file start-v9.tsv (TSV, C-alpha atoms)
chain	number	residue	atom	x	y	z
U	1355	MET	CA	52.51	-16.08	-22.24
U	1356	SER	CA	56.15	-16.10	-23.11
U	1357	LEU	CA	58.28	-13.21	-24.20
U	1358	SER	CA	61.46	-14.50	-25.76
U	1359	SER	CA	64.32	-13.71	-23.42
U	1360	ASP	CA	67.24	-11.78	-24.83
U	1361	GLY	CA	68.63	-10.58	-21.52
U	1362	ASN	CA	67.06	-7.19	-22.02
U	1363	SER	CA	65.84	-6.24	-18.58
U	1364	ASP	CA	67.26	-2.82	-17.92
U	1365	LYS	CA	65.57	-0.67	-15.30
U	1366	THR	CA	64.41	2.83	-16.06
U	1367	GLY	CA	63.63	4.53	-12.79
U	1368	ASP	CA	62.51	8.11	-12.45
U	1369	LYS	CA	59.95	9.91	-10.35
U	1370	THR	CA	56.38	10.05	-11.53
U	1371	GLY	CA	54.75	13.21	-12.68
U	1372	ASP	CA	55.29	14.07	-16.34
U	1373	LYS	CA	54.39	17.13	-18.37
U	1374	THR	CA	50.74	16.07	-18.60
U	1375	GLY	CA	49.97	17.24	-15.07
U	1376	ASP	CA	49.26	13.75	-13.78
U	1377	LYS	CA	48.74	13.60	-10.02
U	1378	THR	CA	49.54	9.92	-9.44
U	1379	GLY	CA	52.91	10.73	-7.91
U	1380	ASP	CA	51.13	12.93	-5.34
U	1381	LYS	CA	48.63	10.19	-4.47
U	1382	MET	CA	51.27	7.50	-4.04
U	1383	GLY	CA	53.97	9.65	-2.45
U	1384	ASP	CA	56.99	11.57	-3.65
U	1385	LYS	CA	59.28	8.54	-3.71
U	1386	THR	CA	57.19	6.44	-6.06
U	1387	GLN	CA	59.39	4.46	-8.40
U	1388	LYS	CA	58.47	4.51	-12.09
U	1389	ILE	CA	59.79	1.63	-14.17
U	1390	VAL	CA	59.21	1.75	-17.92
U	1391	LEU	CA	58.27	-1.71	-19.19
U	1392	TYR	CA	57.42	-1.08	-22.84
U	1393	LYS	CA	57.55	1.73	-25.43
U	1394	GLY	CA	55.35	1.63	-28.51
U	1395	ARG	CA	56.82	2.37	-31.90
U	1396	GLY	CA	55.42	5.02	-34.23
U	1397	ILE	CA	53.54	6.97	-31.58
U	1398	ARG	CA	54.71	10.31	-33.03
U	1399	VAL	CA	53.34	9.44	-36.46
U	1400	PHE	CA	50.10	8.31	-34.86
U	1401	ARG	CA	49.95	11.59	-32.91
U	1402	VAL	CA	50.23	13.58	-36.17
U	1403	LEU	CA	47.41	11.52	-37.71
U	1404	VAL	CA	45.21	12.11	-34.68
U	1405	ARG	CA	45.91	15.85	-34.81
U	1406	PHE	CA	44.85	15.94	-38.46
U	1407	LYS	CA	41.34	15.53	-37.08
U	1408	ILE	CA	41.26	19.32	-37.00
U	1409	PHE	CA	41.19	19.28	-40.81
U	1410	GLN	CA	38.60	16.51	-40.81
U	1411	LEU	CA	36.37	18.45	-38.45
U	1412	SER	CA	36.85	21.57	-40.59
U	1413	GLY	CA	35.73	19.56	-43.62
U	1414	ILE	CA	32.69	18.35	-41.72
U	1415	ALA	CA	31.81	21.90	-40.66
U	1416	GLY	CA	32.44	23.17	-44.18
U	1417	SER	CA	30.07	20.62	-45.68
U	1418	ALA	CA	27.37	20.97	-43.01
U	1419	ILE	CA	26.33	24.48	-44.11
U	1420	PRO	CA	25.94	23.63	-47.82
U	1421	LEU	CA	24.14	20.41	-46.88
U	1422	ALA	CA	21.68	22.30	-44.67
U	1423	THR	CA	21.10	24.82	-47.48
U	1424	ILE	CA	20.55	22.03	-49.99
U	1425	LEU	CA	18.07	20.24	-47.74
U	1426	GLN	CA	16.08	23.42	-46.96
U	1427	ALA	CA	16.02	24.93	-50.44
U	1428	GLY	CA	15.49	21.62	-52.21
U	1429	GLU	CA	17.12	22.98	-55.38
U	1430	ALA	CA	20.23	20.83	-55.50
U	1431	SER	CA	20.80	17.75	-57.59
U	1432	LEU	CA	20.78	14.36	-55.96
U	1433	PHE	CA	24.49	13.99	-56.76
U	1434	ASN	CA	25.42	17.18	-54.85
U	1435	ALA	CA	23.33	16.17	-51.85
U	1436	LEU	CA	24.91	12.69	-51.79
U	1437	LEU	CA	28.39	14.18	-52.18
U	1438	ALA	CA	27.94	16.56	-49.23
U	1439	GLY	CA	26.34	13.82	-47.12
U	1440	GLY	CA	29.15	11.38	-47.97
U	1441	LEU	CA	31.79	13.93	-46.97
U	1442	LEU	CA	29.99	14.60	-43.70
U	1443	PHE	CA	29.58	10.89	-42.92
U	1444	GLY	CA	33.14	9.94	-43.98
U	1445	GLY	CA	34.73	12.68	-41.90
U	1446	GLY	CA	32.72	11.63	-38.86
U	1447	VAL	CA	33.63	7.95	-39.27
U	1448	ALA	CA	37.34	8.70	-39.78
U	1449	SER	CA	37.43	10.97	-36.72
U	1450	THR	CA	35.67	8.40	-34.57
U	1451	ALA	CA	37.97	5.58	-35.71
U	1452	LEU	CA	41.12	7.61	-35.02
U	1453	TRP	CA	39.83	8.57	-31.58
U	1454	TYR	CA	38.87	4.96	-30.79
U	1455	TYR	CA	42.28	3.52	-31.65
U	1456	SER	CA	44.31	6.40	-30.22
U	1457	ARG	CA	42.78	5.65	-26.80
U	1458	ARG	CA	43.91	2.03	-27.04
U	1459	TYR	CA	47.37	2.01	-28.68
U	1460	VAL	CA	49.92	2.18	-25.86
U	1461	GLY	CA	52.84	4.55	-26.36
U	1462	GLU	CA	54.39	3.67	-23.01
U	1463	LEU	CA	53.60	1.07	-20.37
U	1464	SER	CA	55.14	1.62	-16.96
U	1465	LEU	CA	54.92	0.23	-13.45
U	1466	LEU	CA	54.58	2.57	-10.47
U	1467	LEU	CA	55.79	1.03	-7.23
U	1468	PRO	CA	55.01	2.69	-3.89
U	1469	PRO	CA	57.96	3.67	-1.66
U	1470	GLU	CA	57.23	0.92	0.87
U	1471	GLY	CA	57.61	-1.70	-1.88
U	1472	ASP	CA	54.17	-3.28	-1.36
U	1473	SER	CA	53.46	-4.94	-4.73
U	1474	THR	CA	49.73	-5.23	-3.94
U	1475	LYS	CA	49.52	-1.42	-4.21
U	1476	ALA	CA	51.43	-1.31	-7.49
U	1477	VAL	CA	49.87	0.69	-10.31
U	1478	VAL	CA	50.29	0.13	-14.04
U	1479	ARG	CA	50.28	3.27	-16.19
U	1480	PHE	CA	49.08	3.07	-19.79
U	1481	SER	CA	50.14	6.17	-21.75
U	1482	VAL	CA	47.82	6.65	-24.73
U	1483	LEU	CA	46.66	9.56	-26.89
U	1484	GLY	CA	43.63	11.69	-26.08
U	1485	PHE	CA	41.09	13.14	-28.51
U	1486	TRP	CA	43.43	15.92	-29.73
U	1487	GLY	CA	46.61	13.82	-29.71
U	1488	ASN	CA	47.87	14.80	-26.26
U	1489	ARG	CA	49.40	12.23	-23.96
U	1490	GLU	CA	46.87	10.76	-21.56
U	1491	ASN	CA	48.01	8.61	-18.62
U	1492	VAL	CA	45.57	5.97	-17.40
U	1493	ASP	CA	46.58	4.41	-14.08
U	1494	VAL	CA	45.05	1.05	-13.15
U	1495	SER	CA	45.59	-1.32	-10.27
U	1496	ILE	CA	47.72	-4.30	-11.19
U	1497	LYS	CA	44.88	-6.53	-9.97
U	1498	ASP	CA	42.58	-5.20	-12.71
U	1499	ILE	CA	44.72	-6.55	-15.56
U	1500	LEU	CA	43.37	-9.89	-16.78
U	1501	PRO	CA	46.23	-12.44	-16.67
U	1502	ILE	CA	47.45	-13.84	-19.98
U	1503	GLU	CA	48.61	-17.42	-20.37
U	1504	GLY	CA	49.76	-19.72	-23.14
U	1505	ILE	CA	50.11	-17.13	-25.90
U	1506	ALA	CA	53.25	-16.59	-27.97
U	1507	VAL	CA	53.12	-12.80	-28.07
U	1508	ASP	CA	56.08	-12.43	-30.44
U	1509	LYS	CA	53.90	-13.86	-33.23
U	1510	ILE	CA	51.04	-11.37	-32.76
U	1511	PRO	CA	51.59	-7.90	-34.29
U	1512	PHE	CA	49.04	-6.16	-32.05
U	1513	PHE	CA	48.54	-7.76	-28.67
U	1514	PRO	CA	45.40	-6.95	-26.62
U	1515	VAL	CA	45.63	-6.35	-22.87
U	1516	THR	CA	42.25	-6.27	-21.12
U	1517	VAL	CA	41.72	-4.16	-18.01
U	1518	THR	CA	38.66	-4.94	-15.90
U	1519	GLY	CA	36.34	-1.94	-15.62
U	1520	ASP	CA	38.22	0.03	-18.26
U	1521	ARG	CA	39.04	-0.86	-21.86
U	1522	GLN	CA	41.22	-3.13	-23.93
U	1523	TYR	CA	44.67	-1.71	-24.72
U	1524	VAL	CA	46.93	-2.71	-27.61
U	1525	LEU	CA	50.67	-3.40	-27.37
U	1526	SER	CA	52.93	-4.23	-30.31
U	1527	PHE	CA	55.67	-6.51	-29.03
U	1528	ARG	CA	56.88	-7.22	-32.56
U	1529	TYR	CA	57.60	-3.57	-33.38
U	1530	GLY	CA	57.78	-1.88	-29.97
U	1531	HIS	CA	60.67	-1.82	-27.50
U	1532	ILE	CA	60.50	-3.97	-24.38
U	1533	ALA	CA	62.48	-2.12	-21.72
U	1534	ASN	CA	62.06	-4.58	-18.85
U	1535	ARG	CA	61.11	-8.06	-20.05
U	1536	ASN	CA	61.09	-9.75	-16.63
U	1537	LEU	CA	58.71	-7.29	-14.96
U	1538	LEU	CA	56.51	-7.09	-18.06
U	1539	ASN	CA	56.04	-10.87	-17.92
U	1540	LYS	CA	55.07	-10.64	-14.25
U	1541	VAL	CA	52.60	-7.81	-14.84
U	1542	LEU	CA	50.85	-9.49	-17.78
U	1543	THR	CA	50.74	-13.02	-16.34
U	1544	GLY	CA	50.04	-12.02	-12.73
U	1545	LYS	CA	52.76	-14.41	-11.56
U	1546	GLY	CA	55.79	-13.58	-9.46
U	1547	LYS	CA	56.72	-10.80	-7.06
U	1548	LEU	CA	57.24	-7.30	-8.37
U	1549	LYS	CA	60.29	-6.49	-6.29
U	1550	VAL	CA	62.99	-4.55	-8.06
U	1551	ALA	CA	66.60	-4.76	-6.97
U	1552	GLU	CA	68.04	-1.43	-5.88

call {"tool": "encode", "arguments": {"input": "start-v9.tsv", "output": "structure tokens"}}
result
Amino acid sequence: MSLSSDGNSDKTGDKTGDKTGDKTGDKMGDKTQKIVLYKGRGIRVFRVLVRFKIFQLSGIAGSAIPLATILQAGEASLFNALLAGGLLFGGGVASTALWYYSRRYVGELSLLLPPEGDSTKAVVRFSVLGFWGNRENVDVSIKDILPIEGIAVDKIPFFPVTVTGDRQYVLSFRYGHIANRNLLNKVLTGKGKLKVAE
């Protein structure tokens, strides 16, 4: 894997523990160093789309009652029954698709280093969207990320990152912002030490 180098390797360090109530900072210690590696573009727009599921689910609920009445009474035309069934099915498919991709598109990728600087205990945090569009932090051991080699990531609009025992996440290097290119290369390829200069 090669990320084209433009000298962009600034360090963003702040303590873990964001507004989502994540307890990783407590597990790793108060002095855990959080380094943002990547920020996805368009996550706010995606969050709005995911939250529109409320209207989709309302449409599903609104069509379920007439559909049940139609099926029990048997006095509706075939067109009306198909229309209500299509609305029910389409709303369910759209909701499922949005939920599926919202759990995989990464809004922020960060590295959590323990205070003692032991890179074998480093944790990678994938920030994605939950079912209702809230931020959901998924922390995985750096050893669980399958190493990537020989791929020109700048040419791929949506780049998959596979985590063993979890799911496949999607990064967009073409449109997203790479905050720390050097460490991101090391995390994704599994090569090099993860020490950060103070």

call {"tool": "closest_residue", "arguments": {"input": "start-v9.tsv", "among": "U:Thr1543, U:Asn1534, U:Ser1412, U:Asn1434", "to": "Ser1464 in chain U", "atoms": "all atoms listed in the file"}}
result
U:Asn1534

call {"tool": "residues_around", "arguments": {"input": "start-v9.tsv", "residues": "Ala1448 in chain U", "least_positions_apart": "2", "cutoff": "12 Å", "atoms": "all atoms listed in the file", "output": "PDB file with C-alpha atoms, keeping the file's coordinate frame"}}
result
ATOM      1  CA  LEU U1403      47.410  11.520 -37.710  1.00  0.00           C
ATOM      2  CA  VAL U1404      45.210  12.110 -34.680  1.00  0.00           C
ATOM      3  CA  PHE U1406      44.850  15.940 -38.460  1.00  0.00           C
ATOM      4  CA  LYS U1407      41.340  15.530 -37.080  1.00  0.00           C
ATOM      5  CA  ILE U1408      41.260  19.320 -37.000  1.00  0.00           C
ATOM      6  CA  PHE U1409      41.190  19.280 -40.810  1.00  0.00           C
ATOM      7  CA  GLN U1410      38.600  16.510 -40.810  1.00  0.00           C
ATOM      8  CA  LEU U1411      36.370  18.450 -38.450  1.00  0.00           C
ATOM      9  CA  GLY U1413      35.730  19.560 -43.620  1.00  0.00           C
ATOM     10  CA  ILE U1414      32.690  18.350 -41.720  1.00  0.00           C
ATOM     11  CA  GLY U1440      29.150  11.380 -47.970  1.00  0.00           C
ATOM     12  CA  LEU U1441      31.790  13.930 -46.970  1.00  0.00           C
ATOM     13  CA  LEU U1442      29.990  14.600 -43.700  1.00  0.00           C
ATOM     14  CA  PHE U1443      29.580  10.890 -42.920  1.00  0.00           C
ATOM     15  CA  GLY U1444      33.140   9.940 -43.980  1.00  0.00           C
ATOM     16  CA  GLY U1445      34.730  12.680 -41.900  1.00  0.00           C
ATOM     17  CA  GLY U1446      32.720  11.630 -38.860  1.00  0.00           C
ATOM     18  CA  THR U1450      35.670   8.400 -34.570  1.00  0.00           C
ATOM     19  CA  ALA U1451      37.970   5.580 -35.710  1.00  0.00           C
ATOM     20  CA  LEU U1452      41.120   7.610 -35.020  1.00  0.00           C
ATOM     21  CA  TRP U1453      39.830   8.570 -31.580  1.00  0.00           C
ATOM     22  CA  TYR U1454      38.870   4.960 -30.790  1.00  0.00           C
ATOM     23  CA  TYR U1455      42.280   3.520 -31.650  1.00  0.00           C
TER      24      TYR U1455
END

call {"tool": "residues_around", "arguments": {"input": "start-v9.tsv", "residues": "Thr1518 in chain U", "least_positions_apart": "3", "cutoff": "8 Å", "atoms": "all atoms listed in the file", "output": "list in words"}}
result
Asp1498, Ile1499, Leu1500 and Arg1521 of chain U

call {"tool": "residues_near_point", "arguments": {"input": "start-v9.tsv", "point": "(50.7, -7.4, -25.5)", "cutoff": "7 Å", "atoms": "all atoms listed in the file", "output": "NGL selection string"}}
result
:U and (1507 or 1512-1515 or 1524-1527)

call {"tool": "atom_distance", "arguments": {"input": "start-v9.tsv", "atom1": "CA of Glu1462 in chain U", "atom2": "CA of Ile1496 in chain U"}}
result
15.7 Å

call {"tool": "closest_residue", "arguments": {"input": "start-v9.tsv", "among": "U:Val1482, U:Ala1438, U:Ala1533, U:Leu1542", "to": "Tyr1459 in chain U", "atoms": "all atoms listed in the file"}}
result
U:Val1482

call {"tool": "atom_distance", "arguments": {"input": "start-v9.tsv", "atom1": "CA of Gly1519 in chain U", "atom2": "CA of Val1492 in chain U"}}
result
12.3 Å

call {"tool": "closest_residue", "arguments": {"input": "start-v9.tsv", "among": "U:Ala1422, U:Ile1510, U:Leu1463, U:Val1477", "to": "Glu1490 in chain U", "atoms": "all atoms listed in the file"}}
result
U:Leu1463
